[in-house]
Amino acid sequence: MYIVVDTREAVADGYVAGFAREGIPSLGFNDSDFRSWLETTSEQDLGAVQGILLGEMEGRPALPEMIRSHCRAPIIALSEDRNLDATLALFTAGIDDVVRKPVHVRELMARSNAVWRRVNEARGAVVHGRLRVHFNGQDPEVDGEPLTLPRRERHILEYLARHAGRRITKTQLFNAIYGLCNEGVDETVVEGHISKLRRKLRERLGEDVIEARRYLGYRFVM
């Protein structure tokens with residue numbers, strides 16, 4: 001899930017719509033509402049955030065420090081002009097990347113994933129035996145051959161692989177895949193996706209790489 005912050009509602013809504021077209025959940029806020037949301041949202045929900053996009057707003061350089069006290073997601077600033085001093089000030093403030101508009105949401109996702117890889121000293125994929133999980137929209141591979149998955153199942157596998165070794169709750173997975181404010185879908189849908197995904201992986205690999213524990217959640221086994 002991605003968070004878009006901009007004082008102009010139409011701008012934030014535009015990016016939210018762009019993410020929706022890619023099948024990716026996101027939330028749009030103005031700067032004031034974002035600060036309140038950040039202060040009151042649970043650590044579990046914040047763990048579902050894959051990237052935070054900061055549009056033009058007053059006091060933007062002060063936000064990274066506040067964000068970092070709550071969340072480790074990559075922070076990307078969206079710039080509307082070429083101003084070297086302003087760009088350098090954003091990097092100094094703790095912004096991970098500065099991107100000039102207009103920019104497609106797929107590029108923003110790619111940049112966010114690149115930041116995540118650098119921060120976690122990871123490669124462009126997570127490899128477990130014969131399985132390779134990518135983070136660029138590409139299907140996972142088994143023995144070098146693509147394992148075609150529906151979008152939701154692929155996103156779940158990517159999220160679990162991104163947090164390999166950590167226990168992820170059903171709520172965290174739901175928020176990452178469907179978004180925090182999606183009241184039209186029940187959390188139990190995650191169980192169905194996980195069941196199908198585990199069966200497909202087991203058929204190709206002959207083993208379970210996703211560990212499931214009742215009441216505790218799921219873990220990508222490394």
# chains A, B, ... in the order shown; residues from 1 in each chain; ligands from 1

$ residues_around --residues "Asp33 in chain A" --least-positions-apart "5" --cutoff "12 Å" --atoms "only C-alpha atoms" --output "PDB file with N, CA, C and O atoms, in the first residue's frame"
ATOM      1  N   ILE A   3       1.049   5.635   0.306  1.00  0.00           N
ATOM      2  CA  ILE A   3       0.426   6.822   0.881  1.00  0.00           C
ATOM      3  C   ILE A   3       0.830   8.026   0.032  1.00  0.00           C
ATOM      4  O   ILE A   3       2.016   8.217  -0.254  1.00  0.00           O
ATOM      5  N   VAL A   4      -0.154   8.819  -0.363  1.00  0.00           N
ATOM      6  CA  VAL A   4       0.096  10.026  -1.166  1.00  0.00           C
ATOM      7  C   VAL A   4      -0.326  11.239  -0.349  1.00  0.00           C
ATOM      8  O   VAL A   4      -1.460  11.298   0.141  1.00  0.00           O
ATOM      9  N   VAL A   5       0.580  12.200  -0.188  1.00  0.00           N
ATOM     10  CA  VAL A   5       0.282  13.388   0.616  1.00  0.00           C
ATOM     11  C   VAL A   5       0.465  14.626  -0.249  1.00  0.00           C
ATOM     12  O   VAL A   5       1.534  14.846  -0.834  1.00  0.00           O
ATOM     13  N   ASP A   6      -0.582  15.444  -0.358  1.00  0.00           N
ATOM     14  CA  ASP A   6      -0.509  16.692  -1.121  1.00  0.00           C
ATOM     15  C   ASP A   6      -1.610  17.613  -0.623  1.00  0.00           C
ATOM     16  O   ASP A   6      -2.714  17.151  -0.296  1.00  0.00           O
ATOM     17  N   THR A   7      -1.319  18.894  -0.533  1.00  0.00           N
ATOM     18  CA  THR A   7      -2.334  19.840  -0.061  1.00  0.00           C
ATOM     19  C   THR A   7      -3.501  19.954  -1.034  1.00  0.00           C
ATOM     20  O   THR A   7      -4.593  20.358  -0.643  1.00  0.00           O
ATOM     21  N   GLU A   9      -6.251  18.249  -3.047  1.00  0.00           N
ATOM     22  CA  GLU A   9      -6.989  16.986  -3.028  1.00  0.00           C
ATOM     23  C   GLU A   9      -7.010  16.326  -4.402  1.00  0.00           C
ATOM     24  O   GLU A   9      -6.873  15.101  -4.515  1.00  0.00           O
ATOM     25  N   LEU A  27      -3.718   5.393  -0.237  1.00  0.00           N
ATOM     26  CA  LEU A  27      -4.538   6.371   0.475  1.00  0.00           C
ATOM     27  C   LEU A  27      -4.000   7.763   0.177  1.00  0.00           C
ATOM     28  O   LEU A  27      -2.783   7.957   0.114  1.00  0.00           O
ATOM     29  N   GLY A  28      -4.899   8.734   0.007  1.00  0.00           N
ATOM     30  CA  GLY A  28      -4.497  10.112  -0.222  1.00  0.00           C
ATOM     31  C   GLY A  28      -4.864  10.994   0.956  1.00  0.00           C
ATOM     32  O   GLY A  28      -5.952  10.855   1.535  1.00  0.00           O
ATOM     33  N   LEU A  38      -0.694   9.491  10.841  1.00  0.00           N
ATOM     34  CA  LEU A  38       0.586   8.895  11.216  1.00  0.00           C
ATOM     35  C   LEU A  38       0.694   8.719  12.722  1.00  0.00           C
ATOM     36  O   LEU A  38       1.222   7.720  13.222  1.00  0.00           O
ATOM     37  N   GLU A  39       0.184   9.680  13.463  1.00  0.00           N
ATOM     38  CA  GLU A  39       0.283   9.633  14.923  1.00  0.00           C
ATOM     39  C   GLU A  39      -0.660   8.611  15.542  1.00  0.00           C
ATOM     40  O   GLU A  39      -0.397   8.101  16.634  1.00  0.00           O
ATOM     41  N   THR A  40      -1.747   8.294  14.854  1.00  0.00           N
ATOM     42  CA  THR A  40      -2.779   7.451  15.469  1.00  0.00           C
ATOM     43  C   THR A  40      -2.869   6.038  14.893  1.00  0.00           C
ATOM     44  O   THR A  40      -3.514   5.175  15.482  1.00  0.00           O
ATOM     45  N   THR A  41      -2.211   5.799  13.765  1.00  0.00           N
ATOM     46  CA  THR A  41      -2.293   4.486  13.125  1.00  0.00           C
ATOM     47  C   THR A  41      -1.401   3.485  13.851  1.00  0.00           C
ATOM     48  O   THR A  41      -0.299   3.817  14.293  1.00  0.00           O
TER      49      THR A  41
END

$ select_by_dssp --residues "range 37-213 of chain A" --states "helix (DSSP H, G or I)" --output "PyMOL selection string"
chain A and resi 37-40+43-46+60-68+84-93+105-119+151-162+170-178+189-205

$ closest_residue --among "A:Arg117, A:Glu191, A:Gly179, A:Ala73" --to "Phe19 in chain A" --atoms "only C-alpha atoms"
A:Gly179

$ select_by_dssp --residues "range 12-204 of chain A" --states "strand (DSSP E or B)" --output "PyMOL selection string"
chain A and resi 26-29+51-54+75-79+97-100+125-128+131-134+141-142+145-146+168

$ atom_distance --atom1 "CA of Lys170 in chain A" --atom2 "CA of Thr188 in chain A"
8.0 Å

$ decode --residues "range 41-72 of chain A" --atoms "N, CA and C atoms" --output "tab-separated table (two decimals), in the first residue's frame"
chain	number	residue	atom	x	y	z
A	41	THR	N	-2.21	5.80	13.76
A	41	THR	CA	-2.29	4.49	13.12
A	41	THR	C	-1.40	3.49	13.85
A	42	SER	N	-1.87	2.25	13.94
A	42	SER	CA	-1.14	1.23	14.67
A	42	SER	C	0.14	0.83	13.93
A	43	GLU	N	1.09	0.30	14.68
A	43	GLU	CA	2.34	-0.17	14.10
A	43	GLU	C	2.08	-1.26	13.07
A	44	GLN	N	1.09	-2.09	13.33
A	44	GLN	CA	0.74	-3.18	12.42
A	44	GLN	C	0.29	-2.63	11.08
A	45	ASP	N	-0.57	-1.60	11.10
A	45	ASP	CA	-1.05	-1.00	9.85
A	45	ASP	C	0.08	-0.27	9.12
A	46	LEU	N	0.93	0.40	9.85
A	46	LEU	CA	2.05	1.11	9.23
A	46	LEU	C	3.01	0.12	8.57
A	47	GLY	N	3.05	-1.10	9.07
A	47	GLY	CA	3.91	-2.11	8.47
A	47	GLY	C	3.48	-2.51	7.08
A	48	ALA	N	2.23	-2.17	6.70
A	48	ALA	CA	1.73	-2.49	5.36
A	48	ALA	C	2.09	-1.43	4.33
A	49	VAL	N	2.65	-0.30	4.77
A	49	VAL	CA	2.97	0.80	3.86
A	49	VAL	C	4.26	0.48	3.10
A	50	GLN	N	4.18	0.53	1.76
A	50	GLN	CA	5.32	0.21	0.91
A	50	GLN	C	6.06	1.46	0.43
A	51	GLY	N	5.41	2.61	0.52
A	51	GLY	CA	6.05	3.84	0.09
A	51	GLY	C	5.18	5.03	0.44
A	52	ILE	N	5.83	6.18	0.72
A	52	ILE	CA	5.12	7.42	1.03
A	52	ILE	C	5.56	8.48	0.04
A	53	LEU	N	4.59	9.06	-0.67
A	53	LEU	CA	4.86	10.07	-1.68
A	53	LEU	C	4.44	11.44	-1.16
A	54	LEU	N	5.38	12.35	-1.12
A	54	LEU	CA	5.11	13.69	-0.59
A	54	LEU	C	5.08	14.69	-1.73
A	55	GLY	N	3.90	15.25	-2.00
A	55	GLY	CA	3.77	16.28	-3.02
A	55	GLY	C	4.15	17.64	-2.48
A	56	GLU	N	3.82	18.67	-3.25
A	56	GLU	CA	4.15	20.03	-2.84
A	56	GLU	C	3.32	20.44	-1.63
A	57	MET	N	4.00	20.95	-0.60
A	57	MET	CA	3.29	21.42	0.58
A	57	MET	C	4.26	22.22	1.45
A	58	GLU	N	3.72	23.08	2.26
A	58	GLU	CA	4.54	23.86	3.17
A	58	GLU	C	5.07	22.97	4.29
A	59	GLY	N	6.33	23.11	4.63
A	59	GLY	CA	6.90	22.33	5.72
A	59	GLY	C	7.26	20.90	5.34
A	60	ARG	N	7.37	20.61	4.04
A	60	ARG	CA	7.67	19.24	3.62
A	60	ARG	C	9.01	18.73	4.16
A	61	PRO	N	10.08	19.55	4.19
A	61	PRO	CA	11.36	19.02	4.70
A	61	PRO	C	11.31	18.54	6.15
A	62	ALA	N	10.29	18.97	6.90
A	62	ALA	CA	10.21	18.55	8.30
A	62	ALA	C	9.51	17.19	8.47
A	63	LEU	N	8.87	16.70	7.41
A	63	LEU	CA	8.09	15.47	7.53
A	63	LEU	C	8.92	14.19	7.66
A	64	PRO	N	10.06	14.05	6.94
A	64	PRO	CA	10.79	12.78	7.04
A	64	PRO	C	11.13	12.35	8.46
A	65	GLU	N	11.57	13.27	9.29
A	65	GLU	CA	11.92	12.92	10.67
A	65	GLU	C	10.70	12.38	11.40
A	66	MET	N	9.56	13.02	11.19
A	66	MET	CA	8.33	12.56	11.84
A	66	MET	C	7.93	11.18	11.31
A	67	ILE	N	8.03	11.00	10.00
A	67	ILE	CA	7.67	9.71	9.40
A	67	ILE	C	8.56	8.61	9.94
A	68	ARG	N	9.87	8.86	10.01
A	68	ARG	CA	10.82	7.85	10.43
A	68	ARG	C	10.63	7.42	11.89
A	69	SER	N	9.99	8.25	12.68
A	69	SER	CA	9.74	7.86	14.06
A	69	SER	C	8.59	6.86	14.16
A	70	HIS	N	7.89	6.66	13.05
A	70	HIS	CA	6.75	5.74	13.04
A	70	HIS	C	6.85	4.63	12.01
A	71	CYS	N	7.56	4.89	10.91
A	71	CYS	CA	7.48	4.00	9.76
A	71	CYS	C	8.80	3.99	9.00
A	72	ARG	N	9.18	2.81	8.43
A	72	ARG	CA	10.43	2.68	7.70
A	72	ARG	C	10.23	2.65	6.19
